[in-house]
>>> print(open('protein.tsv').read())   # TSV, C-alpha atoms and all ligand atoms
chain	number	residue	atom	x	y	z
A	1	MET	CA	126.76	201.69	143.47
A	2	LEU	CA	126.11	198.02	142.74
A	3	TYR	CA	127.30	195.07	144.78
A	4	GLY	CA	127.11	191.32	144.22
A	5	GLY	CA	125.95	188.94	146.91
A	6	ILE	CA	125.93	185.15	147.05
A	7	GLU	CA	124.18	182.98	149.60
A	8	ALA	CA	126.08	179.77	148.98
A	9	GLY	CA	124.17	176.79	150.32
A	10	GLY	CA	124.59	173.05	150.08
A	11	THR	CA	121.50	172.69	147.89
A	12	LYS	CA	121.26	176.05	146.12
A	13	MET	CA	123.26	179.14	145.25
A	14	ILE	CA	121.41	182.46	145.31
A	15	CYS	CA	123.17	185.27	143.46
A	16	VAL	CA	121.95	188.86	143.71
A	17	ILE	CA	122.76	192.39	142.69
A	18	GLY	CA	122.10	194.85	145.49
A	19	ASN	CA	122.90	198.40	146.52
A	20	GLU	CA	124.08	200.21	149.65
A	21	ASN	CA	120.47	200.58	150.86
A	22	GLY	CA	120.02	196.84	151.01
A	23	GLU	CA	117.72	196.84	147.97
A	24	ILE	CA	117.89	193.64	145.94
A	25	LEU	CA	117.66	194.69	142.30
A	26	ASP	CA	118.11	191.35	140.59
A	27	ARG	CA	118.52	187.70	141.55
A	28	MET	CA	119.31	184.29	140.13
A	29	GLN	CA	119.12	180.88	141.79
A	30	ILE	CA	120.85	177.68	140.66
A	31	PRO	CA	121.28	174.26	142.26
A	32	THR	CA	124.63	173.55	143.93
A	33	LYS	CA	126.33	170.92	141.78
A	34	THR	CA	130.10	170.56	141.43
A	35	PRO	CA	132.34	173.67	141.28
A	36	GLU	CA	133.06	172.85	137.62
A	37	GLU	CA	129.36	173.03	136.80
A	38	THR	CA	128.19	175.76	139.17
A	39	MET	CA	131.01	178.33	139.27
A	40	PRO	CA	130.94	179.32	135.55
A	41	LEU	CA	127.20	180.03	135.77
A	42	MET	CA	127.71	182.33	138.77
A	43	ILE	CA	130.72	184.07	137.19
A	44	ASP	CA	128.71	184.64	133.99
A	45	TYR	CA	125.91	186.14	136.05
A	46	PHE	CA	128.15	188.71	137.74
A	47	LYS	CA	130.34	189.53	134.72
A	48	ASP	CA	129.33	192.77	132.97
A	49	LYS	CA	127.08	193.81	135.89
A	50	ASP	CA	129.57	196.45	137.02
A	51	ILE	CA	129.64	195.36	140.66
A	52	LYS	CA	132.12	197.15	142.92
A	53	ALA	CA	132.63	194.14	145.19
A	54	LEU	CA	131.23	190.70	145.93
A	55	GLY	CA	130.13	189.22	149.26
A	56	ILE	CA	129.75	185.50	149.88
A	57	ALA	CA	127.79	184.08	152.83
A	58	CYS	CA	128.88	180.50	152.59
A	59	PHE	CA	128.04	177.04	153.91
A	60	GLY	CA	130.96	175.50	155.75
A	61	PRO	CA	133.12	174.78	157.45
A	62	ILE	CA	135.16	177.55	155.81
A	63	ASP	CA	138.54	179.16	156.50
A	64	LEU	CA	138.06	182.76	157.69
A	65	ASP	CA	141.59	183.25	159.07
A	66	LYS	CA	143.13	185.93	156.87
A	67	THR	CA	146.65	184.82	157.85
A	68	SER	CA	146.01	181.26	156.72
A	69	LYS	CA	147.17	179.88	153.35
A	70	THR	CA	143.70	178.51	152.80
A	71	TYR	CA	141.76	181.70	153.70
A	72	GLY	CA	138.62	181.84	151.56
A	73	TYR	CA	138.44	178.07	151.11
A	74	ILE	CA	135.54	175.80	151.83
A	75	THR	CA	137.38	173.25	153.97
A	76	SER	CA	136.03	169.99	155.42
A	77	THR	CA	132.48	170.07	154.04
A	78	PRO	CA	130.51	166.86	153.55
A	79	LYS	CA	129.70	168.27	150.06
A	80	LEU	CA	132.80	166.47	148.78
A	81	ALA	CA	133.08	168.23	145.40
A	82	TRP	CA	133.58	171.53	147.25
A	83	LYS	CA	136.06	170.24	149.82
A	84	ASN	CA	139.25	172.37	149.86
A	85	TYR	CA	137.81	174.64	147.19
A	86	ASP	CA	139.15	178.21	146.97
A	87	ILE	CA	135.84	179.96	146.35
A	88	VAL	CA	137.08	183.47	147.22
A	89	GLY	CA	140.18	183.06	145.02
A	90	ALA	CA	138.11	181.84	142.07
A	91	PHE	CA	135.78	184.85	142.13
A	92	LYS	CA	138.63	187.33	142.72
A	93	LYS	CA	140.46	185.95	139.71
A	94	GLU	CA	137.46	185.93	137.38
A	95	LEU	CA	135.74	189.15	138.46
A	96	GLY	CA	138.70	191.27	139.60
A	97	VAL	CA	136.79	192.87	142.51
A	98	PRO	CA	137.24	192.71	146.31
A	99	VAL	CA	135.46	189.73	147.87
A	100	GLY	CA	133.97	189.66	151.40
A	101	PHE	CA	133.52	186.24	152.93
A	102	ASP	CA	131.80	184.83	155.99
A	103	THR	CA	129.58	181.96	157.11
A	104	ASP	CA	125.99	181.74	155.86
A	105	VAL	CA	124.70	182.35	159.38
A	106	ASN	CA	126.98	185.33	160.05
A	107	GLY	CA	125.68	186.65	156.72
A	108	SER	CA	122.08	186.32	157.90
A	109	LEU	CA	122.96	188.00	161.19
A	110	LEU	CA	124.70	190.83	159.34
A	111	GLY	CA	121.59	191.30	157.19
A	112	GLU	CA	119.41	191.57	160.30
A	113	ILE	CA	121.89	193.88	162.06
A	114	THR	CA	122.18	196.19	159.04
A	115	TRP	CA	118.63	196.27	157.71
A	116	GLY	CA	116.44	194.13	159.96
A	117	CYS	CA	115.25	193.55	163.50
A	118	ALA	CA	118.66	193.84	165.19
A	119	LYS	CA	119.61	197.31	163.92
A	120	ASP	CA	120.39	198.86	167.27
A	121	LYS	CA	122.25	195.85	168.69
A	122	THR	CA	125.96	195.20	169.19
A	123	ASP	CA	125.57	191.68	170.60
A	124	ALA	CA	123.25	189.38	168.76
A	125	LEU	CA	122.74	185.79	167.75
A	126	TYR	CA	121.13	184.37	164.62
A	127	LEU	CA	120.23	180.69	164.61
A	128	THR	CA	118.96	178.75	161.62
A	129	ILE	CA	117.04	175.54	162.11
A	130	GLY	CA	116.68	173.88	158.73
A	131	THR	CA	118.52	171.04	157.03
A	132	GLY	CA	121.19	171.66	159.62
A	133	ILE	CA	121.43	173.91	162.65
A	134	GLY	CA	123.96	176.73	162.75
A	135	GLY	CA	124.40	180.09	164.36
A	136	GLY	CA	126.07	183.40	163.72
A	137	VAL	CA	127.23	185.56	166.60
A	138	MET	CA	128.02	189.26	166.87
A	139	THR	CA	129.80	190.38	169.99
A	140	GLY	CA	130.83	193.96	170.73
A	141	GLY	CA	129.78	194.94	167.20
A	142	LYS	CA	132.00	192.32	165.53
A	143	LEU	CA	131.05	189.03	163.92
A	144	LEU	CA	132.61	186.26	165.99
A	145	HIS	CA	135.08	183.98	164.20
A	146	GLY	CA	137.58	182.83	166.82
A	147	MET	CA	139.86	180.01	165.66
A	148	LEU	CA	137.32	179.01	162.97
A	149	HIS	CA	133.73	180.08	163.54
A	150	PRO	CA	131.16	179.01	166.12
A	151	GLU	CA	129.32	175.75	165.41
A	152	LEU	CA	126.29	176.30	167.60
A	153	GLY	CA	124.36	173.35	166.20
A	154	HIS	CA	126.67	170.69	167.57
A	155	ILE	CA	126.39	171.27	171.31
A	156	LYS	CA	125.43	168.36	173.54
A	157	MET	CA	121.81	168.05	174.61
A	158	ALA	CA	120.33	166.75	177.85
A	159	ILE	CA	118.02	164.08	176.46
A	160	VAL	CA	114.41	164.36	177.54
A	161	GLU	CA	113.35	161.43	179.74
A	162	GLY	CA	111.91	158.62	177.64
A	163	ASP	CA	113.27	160.01	174.35
A	164	THR	CA	115.00	157.07	172.65
A	165	TYR	CA	115.68	158.68	169.25
A	166	LYS	CA	119.27	157.94	168.26
A	167	GLY	CA	119.89	161.33	166.64
A	168	LYS	CA	120.90	162.29	163.14
A	169	CYS	CA	124.35	163.90	163.44
A	170	PRO	CA	127.02	161.70	161.83
A	171	TYR	CA	129.57	163.06	164.32
A	172	HIS	CA	127.67	163.27	167.61
A	173	GLY	CA	124.37	161.45	167.19
A	174	THR	CA	122.19	163.30	169.66
A	175	CYS	CA	123.71	166.80	169.55
A	176	PHE	CA	121.31	169.75	169.02
A	177	GLU	CA	121.37	169.38	165.22
A	178	GLY	CA	121.07	165.62	165.56
A	179	MET	CA	117.90	166.01	167.64
A	180	ALA	CA	116.17	169.10	166.27
A	181	SER	CA	117.05	169.73	162.58
A	182	GLY	CA	114.38	169.32	159.87
A	183	PRO	CA	115.74	165.90	158.81
A	184	ALA	CA	115.83	164.78	162.48
A	185	ILE	CA	112.15	165.72	162.88
A	186	GLU	CA	111.32	163.83	159.69
A	187	GLU	CA	113.23	160.70	160.72
A	188	ARG	CA	111.86	160.70	164.25
A	189	TRP	CA	108.19	161.19	163.32
A	190	GLY	CA	108.18	159.54	159.88
A	191	LYS	CA	106.78	162.63	158.10
A	192	LYS	CA	108.15	165.92	156.81
A	193	ALA	CA	108.16	168.67	159.46
A	194	ILE	CA	105.72	170.77	157.44
A	195	GLU	CA	103.19	167.92	157.50
A	196	LEU	CA	103.36	167.73	161.30
A	197	SER	CA	102.05	171.26	162.00
A	198	ASP	CA	99.01	169.96	163.91
A	199	ASN	CA	100.85	167.47	166.08
A	200	ASP	CA	101.44	169.28	169.40
A	201	GLU	CA	103.72	166.56	170.72
A	202	VAL	CA	106.22	167.28	167.92
A	203	TRP	CA	106.52	171.00	168.73
A	204	ASP	CA	106.54	170.46	172.47
A	205	LEU	CA	109.62	168.24	172.16
A	206	GLU	CA	111.22	170.42	169.48
A	207	SER	CA	110.80	173.56	171.59
A	208	THR	CA	112.32	171.81	174.62
A	209	TYR	CA	115.55	171.11	172.73
A	210	ILE	CA	115.64	174.57	171.12
A	211	ALA	CA	115.07	176.24	174.53
A	212	GLN	CA	117.89	174.19	176.04
A	213	ALA	CA	120.29	175.40	173.38
A	214	LEU	CA	119.14	179.03	173.62
A	215	SER	CA	119.54	178.99	177.41
A	216	MET	CA	123.13	177.87	176.95
A	217	TYR	CA	123.82	180.60	174.38
A	218	ILE	CA	122.21	183.20	176.68
A	219	LEU	CA	124.42	182.10	179.57
A	220	THR	CA	127.64	181.93	177.54
A	221	LEU	CA	127.28	184.72	174.95
A	222	SER	CA	124.83	187.12	176.60
A	223	PRO	CA	123.21	188.30	173.35
A	224	GLN	CA	120.86	191.32	173.37
A	225	ILE	CA	118.59	189.60	170.85
A	226	ILE	CA	118.14	186.08	169.46
A	227	ILE	CA	116.82	185.74	165.91
A	228	LEU	CA	115.50	182.38	164.77
A	229	GLY	CA	115.33	181.53	161.06
A	230	GLY	CA	115.39	178.51	158.76
A	231	GLY	CA	112.63	176.26	157.42
A	232	VAL	CA	111.61	174.65	160.73
A	233	MET	CA	111.08	178.07	162.34
A	234	HIS	CA	108.29	178.72	159.86
A	235	GLN	CA	106.27	176.78	162.44
A	236	GLN	CA	105.24	179.96	164.27
A	237	GLN	CA	103.71	178.02	167.17
A	238	LEU	CA	107.26	177.24	168.30
A	239	PHE	CA	107.95	180.81	169.42
A	240	PRO	CA	105.69	181.04	172.50
A	241	LEU	CA	106.75	177.54	173.56
A	242	ILE	CA	110.44	178.37	173.23
A	243	ARG	CA	110.11	181.69	175.10
A	244	LYS	CA	108.28	180.05	177.99
A	245	LYS	CA	110.75	177.18	178.27
A	246	VAL	CA	113.81	179.45	178.11
A	247	LEU	CA	112.47	181.44	181.08
A	248	GLU	CA	111.71	178.20	182.94
A	249	GLN	CA	115.18	176.83	182.30
A	250	LEU	CA	116.94	180.05	183.35
A	251	ASN	CA	114.75	179.88	186.46
A	252	GLY	CA	114.95	183.55	187.36
A	253	TYR	CA	118.75	183.62	187.58
A	254	LEU	CA	119.21	186.42	185.04
A	255	ILE	CA	117.36	189.71	185.52
A	256	THR	CA	117.60	191.86	182.38
A	257	LYS	CA	115.29	194.22	180.52
A	258	GLU	CA	115.63	191.99	177.45
A	259	LEU	CA	114.42	188.85	179.25
A	260	ALA	CA	111.62	190.86	180.83
A	261	ASP	CA	110.41	191.58	177.28
A	262	ILE	CA	110.93	188.07	175.92
A	263	ASP	CA	108.54	188.51	172.96
A	264	ASN	CA	111.00	191.05	171.55
A	265	TYR	CA	114.06	189.07	172.68
A	266	ILE	CA	113.52	185.72	170.92
A	267	VAL	CA	112.18	186.76	167.53
A	268	PRO	CA	111.68	185.43	164.00
A	269	ALA	CA	113.93	186.59	161.17
A	270	SER	CA	112.50	189.83	159.79
A	271	LEU	CA	113.64	190.05	156.18
A	272	ASN	CA	111.40	187.50	154.41
A	273	ASP	CA	114.16	184.91	154.13
A	274	ASP	CA	116.34	187.52	152.36
A	275	GLN	CA	118.50	188.07	155.46
A	276	GLY	CA	121.28	185.85	154.02
A	277	ILE	CA	121.57	187.55	150.64
A	278	MET	CA	121.20	191.00	152.18
A	279	GLY	CA	124.00	190.11	154.55
A	280	ALA	CA	126.06	188.96	151.58
A	281	VAL	CA	125.56	192.38	149.97
A	282	LYS	CA	126.74	194.00	153.22
A	283	LEU	CA	129.82	191.75	153.18
A	284	ALA	CA	130.51	193.14	149.70
A	285	ILE	CA	130.02	196.75	150.85
A	286	ASP	CA	132.41	196.16	153.76
A	287	ALA	CA	134.95	194.45	151.47
A	288	GLU	CA	135.11	197.48	149.20
A	289	ILE	CA	136.02	199.93	151.93
B	1	LIG	P1	118.44	174.85	154.28
B	1	LIG	O1	118.69	174.59	155.73
B	1	LIG	O2	118.73	173.65	153.43
B	1	LIG	O3	119.08	176.10	153.77
B	1	LIG	P2	115.71	175.43	155.04
B	1	LIG	O4	116.09	176.44	156.05
B	1	LIG	O5	114.50	175.71	154.20
B	1	LIG	O6	116.87	175.11	154.04
B	1	LIG	O7	115.47	174.07	155.82
B	1	LIG	C1	114.97	172.94	155.22
B	1	LIG	C2	114.41	172.03	156.30
B	1	LIG	O8	113.35	172.72	156.96
B	1	LIG	C3	113.84	170.74	155.79
B	1	LIG	O9	114.20	169.70	156.67
B	1	LIG	C4	112.35	170.96	155.81
B	1	LIG	O10	111.65	169.78	156.12
B	1	LIG	C5	112.16	171.97	156.90
B	1	LIG	N1	111.07	172.91	156.58
B	1	LIG	C6	110.98	173.71	155.50
B	1	LIG	N2	109.84	174.45	155.54
B	1	LIG	C7	109.20	174.08	156.68
B	1	LIG	C8	107.97	174.49	157.31
B	1	LIG	N3	107.16	175.39	156.76
B	1	LIG	N4	107.66	173.91	158.48
B	1	LIG	C9	108.48	173.00	159.05
B	1	LIG	N5	109.64	172.59	158.52
B	1	LIG	C10	110.00	173.11	157.34
B	2	ZN	ZN	126.73	167.14	165.81
>>> encode(input="protein.tsv", output="structure tokens")
Amino acid sequence: MLYGGIEAGGTKMICVIGNENGEILDRMQIPTKTPEETMPLMIDYFKDKDIKALGIACFGPIDLDKTSKTYGYITSTPKLAWKNYDIVGAFKKELGVPVGFDTDVNGSLLGEITWGCAKDKTDALYLTIGTGIGGGVMTGGKLLHGMLHPELGHIKMAIVEGDTYKGKCPYHGTCFEGMASGPAIEERWGKKAIELSDNDEVWDLESTYIAQALSMYILTLSPQIIILGGGVMHQQQLFPLIRKKVLEQLNGYLITKELADIDNYIVPASLNDDQGIMGAVKLAIDAEI
């Protein structure tokens, strides 16, 4: 059985054909331009491929409330051409198959839960630190949506003493995303994050903010595993720093087997950056049932 998957991002759209074993059999990538330019290319790709259903793991904010008139829409995105765009409706109309829909980060989490490092978990968190910061949450075996979906990147940070950076979030300035996203690193240090690999000061500060956020998620959501993905997390030296600082910040308050084995608790994404598209394929499989 073949399924279509789309990882819809603000800069690129990745379209794949996959199967129920999570195997990706074919893929196509195009830049995200306007819906008028980009949608026909994606529809052409999936037409005649005999897919049983389509799954979309989408940048947001998006409307996931099935009782809402605008379910399946991209809503208030800063990518203005896609604002109030009915992406689910457009694919349903053109392809005539069921369409599963969720956030890009819930998609990545679903990929990891189904085929990756979180297979045995019912409560898990996936955080991406890239152009933006966002997180997907599974609780009690269900992806968390709530009134909209969690926006884990926009929580308030306790600013490190002496840190005068004004932050990059247009809404909150120095929220987590404003302080720790790839563009924030670049603006603060005047170089791309990838060119700063050898500068220990950069990763010391970065890991302090990431550990603060993870400690808050641990205290509020109690995940059994935390998976960190996105471009910035390719800096592997962040992991030991983050693990150490999370334990310091929790200060012995929580005693769990997971925290006792922190190397297997705060982990890198395990699917070679395919977690998002594999999750999209799983969204398709679940939409067909
Ligand atoms: P997006 O968030 O747009 O989907 P990425 O997750 O690749 O894409 O994030 C892009 C951001 O991550 C950019 O700000 C870039 O500077 C940063 N980045 C990409 N690769 C690396 C790397 N190897 N090391 C550090 N930062 C990186
Ligand atoms: Zn913010």
>>> residues_near_ligand(input="protein.tsv", ligand="ligand ZN 2 (chain B)", cutoff="6 Å", atoms="only C-alpha atoms and all ligand atoms", output="list of chain:residue names")
A:His154, A:Cys169, A:Tyr171, A:His172, A:Cys175, A:Glu177, A:Gly178
>>> residues_near_ligand(input="protein.tsv", ligand="ligand LIG 1 (chain B)", cutoff="6 Å", atoms="all atoms listed in the file", output="number ranges by chain")
A: 130-132, 182-183, 192-194, 230-232, 234-235
>>> residues_near_point(input="protein.tsv", point="(119.3, 175.8, 145.0)", cutoff="10 Å", atoms="all atoms listed in the file", output="VMD selection string")
chain A and resid 7 to 14 28 to 33
>>> residues_around(input="protein.tsv", residues="region 76-92 of chain A", least_positions_apart="4", cutoff="10 Å", atoms="all atoms listed in the file", output="PyMOL selection string")
chain A and resi 10-11+32-36+39-40+42-43+46+53-56+58-63+70-72+96-101
>>> write_last_selection(input="protein.tsv", atoms="C-alpha atoms", output="mmCIF file, keeping the file's coordinate frame")
data_model
loop_
_atom_site.group_PDB
_atom_site.id
_atom_site.type_symbol
_atom_site.label_atom_id
_atom_site.label_comp_id
_atom_site.auth_asym_id
_atom_site.auth_seq_id
_atom_site.Cartn_x
_atom_site.Cartn_y
_atom_site.Cartn_z
ATOM 1 C CA GLY A 10 124.590 173.050 150.080
ATOM 2 C CA THR A 11 121.500 172.690 147.890
ATOM 3 C CA THR A 32 124.630 173.550 143.930
ATOM 4 C CA LYS A 33 126.330 170.920 141.780
ATOM 5 C CA THR A 34 130.100 170.560 141.430
ATOM 6 C CA PRO A 35 132.340 173.670 141.280
ATOM 7 C CA GLU A 36 133.060 172.850 137.620
ATOM 8 C CA MET A 39 131.010 178.330 139.270
ATOM 9 C CA PRO A 40 130.940 179.320 135.550
ATOM 10 C CA MET A 42 127.710 182.330 138.770
ATOM 11 C CA ILE A 43 130.720 184.070 137.190
ATOM 12 C CA PHE A 46 128.150 188.710 137.740
ATOM 13 C CA ALA A 53 132.630 194.140 145.190
ATOM 14 C CA LEU A 54 131.230 190.700 145.930
ATOM 15 C CA GLY A 55 130.130 189.220 149.260
ATOM 16 C CA ILE A 56 129.750 185.500 149.880
ATOM 17 C CA CYS A 58 128.880 180.500 152.590
ATOM 18 C CA PHE A 59 128.040 177.040 153.910
ATOM 19 C CA GLY A 60 130.960 175.500 155.750
ATOM 20 C CA PRO A 61 133.120 174.780 157.450
ATOM 21 C CA ILE A 62 135.160 177.550 155.810
ATOM 22 C CA ASP A 63 138.540 179.160 156.500
ATOM 23 C CA THR A 70 143.700 178.510 152.800
ATOM 24 C CA TYR A 71 141.760 181.700 153.700
ATOM 25 C CA GLY A 72 138.620 181.840 151.560
ATOM 26 C CA GLY A 96 138.700 191.270 139.600
ATOM 27 C CA VAL A 97 136.790 192.870 142.510
ATOM 28 C CA PRO A 98 137.240 192.710 146.310
ATOM 29 C CA VAL A 99 135.460 189.730 147.870
ATOM 30 C CA GLY A 100 133.970 189.660 151.400
ATOM 31 C CA PHE A 101 133.520 186.240 152.930
#
>>> closest_residue(input="protein.tsv", among="A:Lys47, A:Leu25, A:Tyr209, A:Lys282", to="Val160 (chain A)", atoms="all atoms listed in the file")
A:Tyr209
>>> closest_residue(input="protein.tsv", among="A:Val137, A:Ile210, A:Ile113, A:Cys15", to="Met157 (chain A)", atoms="only C-alpha atoms")
A:Ile210
>>> atom_distance(input="protein.tsv", atom1="CA of Met138 (chain A)", atom2="CA of Leu214 (chain A)")
15.1 Å
>>> closest_residue(input="protein.tsv", among="A:Met216, A:Ile266, A:Ile285, A:Asp273", to="Ser108 (chain A)", atoms="all atoms listed in the file")
A:Asp273
>>> closest_residue(input="protein.tsv", among="A:Gln237, A:Asn199, A:Gln224, A:Gln212", to="Ala124 (chain A)", atoms="all atoms listed in the file")
A:Gln224
>>> residues_around(input="protein.tsv", residues="Lys121 (chain A)", least_positions_apart="5", cutoff="12 Å", atoms="only C-alpha atoms", output="PyMOL selection string")
chain A and resi 109-110+112-116+137-142+223-227+258+265
>>> residues_around(input="protein.tsv", residues="Glu23 (chain A)", least_positions_apart="6", cutoff="12 Å", atoms="all atoms listed in the file", output="compact mmCIF listing (two decimals) with C-alpha atoms, keeping the file's coordinate frame")
# COMPACT_ATOMS: atom_id res chain seq x y z
CA MET A 1 126.76 201.69 143.47
CA LEU A 2 126.11 198.02 142.74
CA TYR A 3 127.30 195.07 144.78
CA GLY A 4 127.11 191.32 144.22
CA GLY A 5 125.95 188.94 146.91
CA VAL A 16 121.95 188.86 143.71
CA ILE A 17 122.76 192.39 142.69
CA GLY A 111 121.59 191.30 157.19
CA THR A 114 122.18 196.19 159.04
CA TRP A 115 118.63 196.27 157.71
CA LEU A 271 113.64 190.05 156.18
CA ASP A 274 116.34 187.52 152.36
CA GLN A 275 118.50 188.07 155.46
CA ILE A 277 121.57 187.55 150.64
CA MET A 278 121.20 191.00 152.18
CA GLY A 279 124.00 190.11 154.55
CA VAL A 281 125.56 192.38 149.97
CA LYS A 282 126.74 194.00 153.22
>>> closest_residue(input="protein.tsv", among="A:Ala260, A:Leu247, A:Leu228, A:Leu196", to="Ala118 (chain A)", atoms="all atoms listed in the file")
A:Leu228
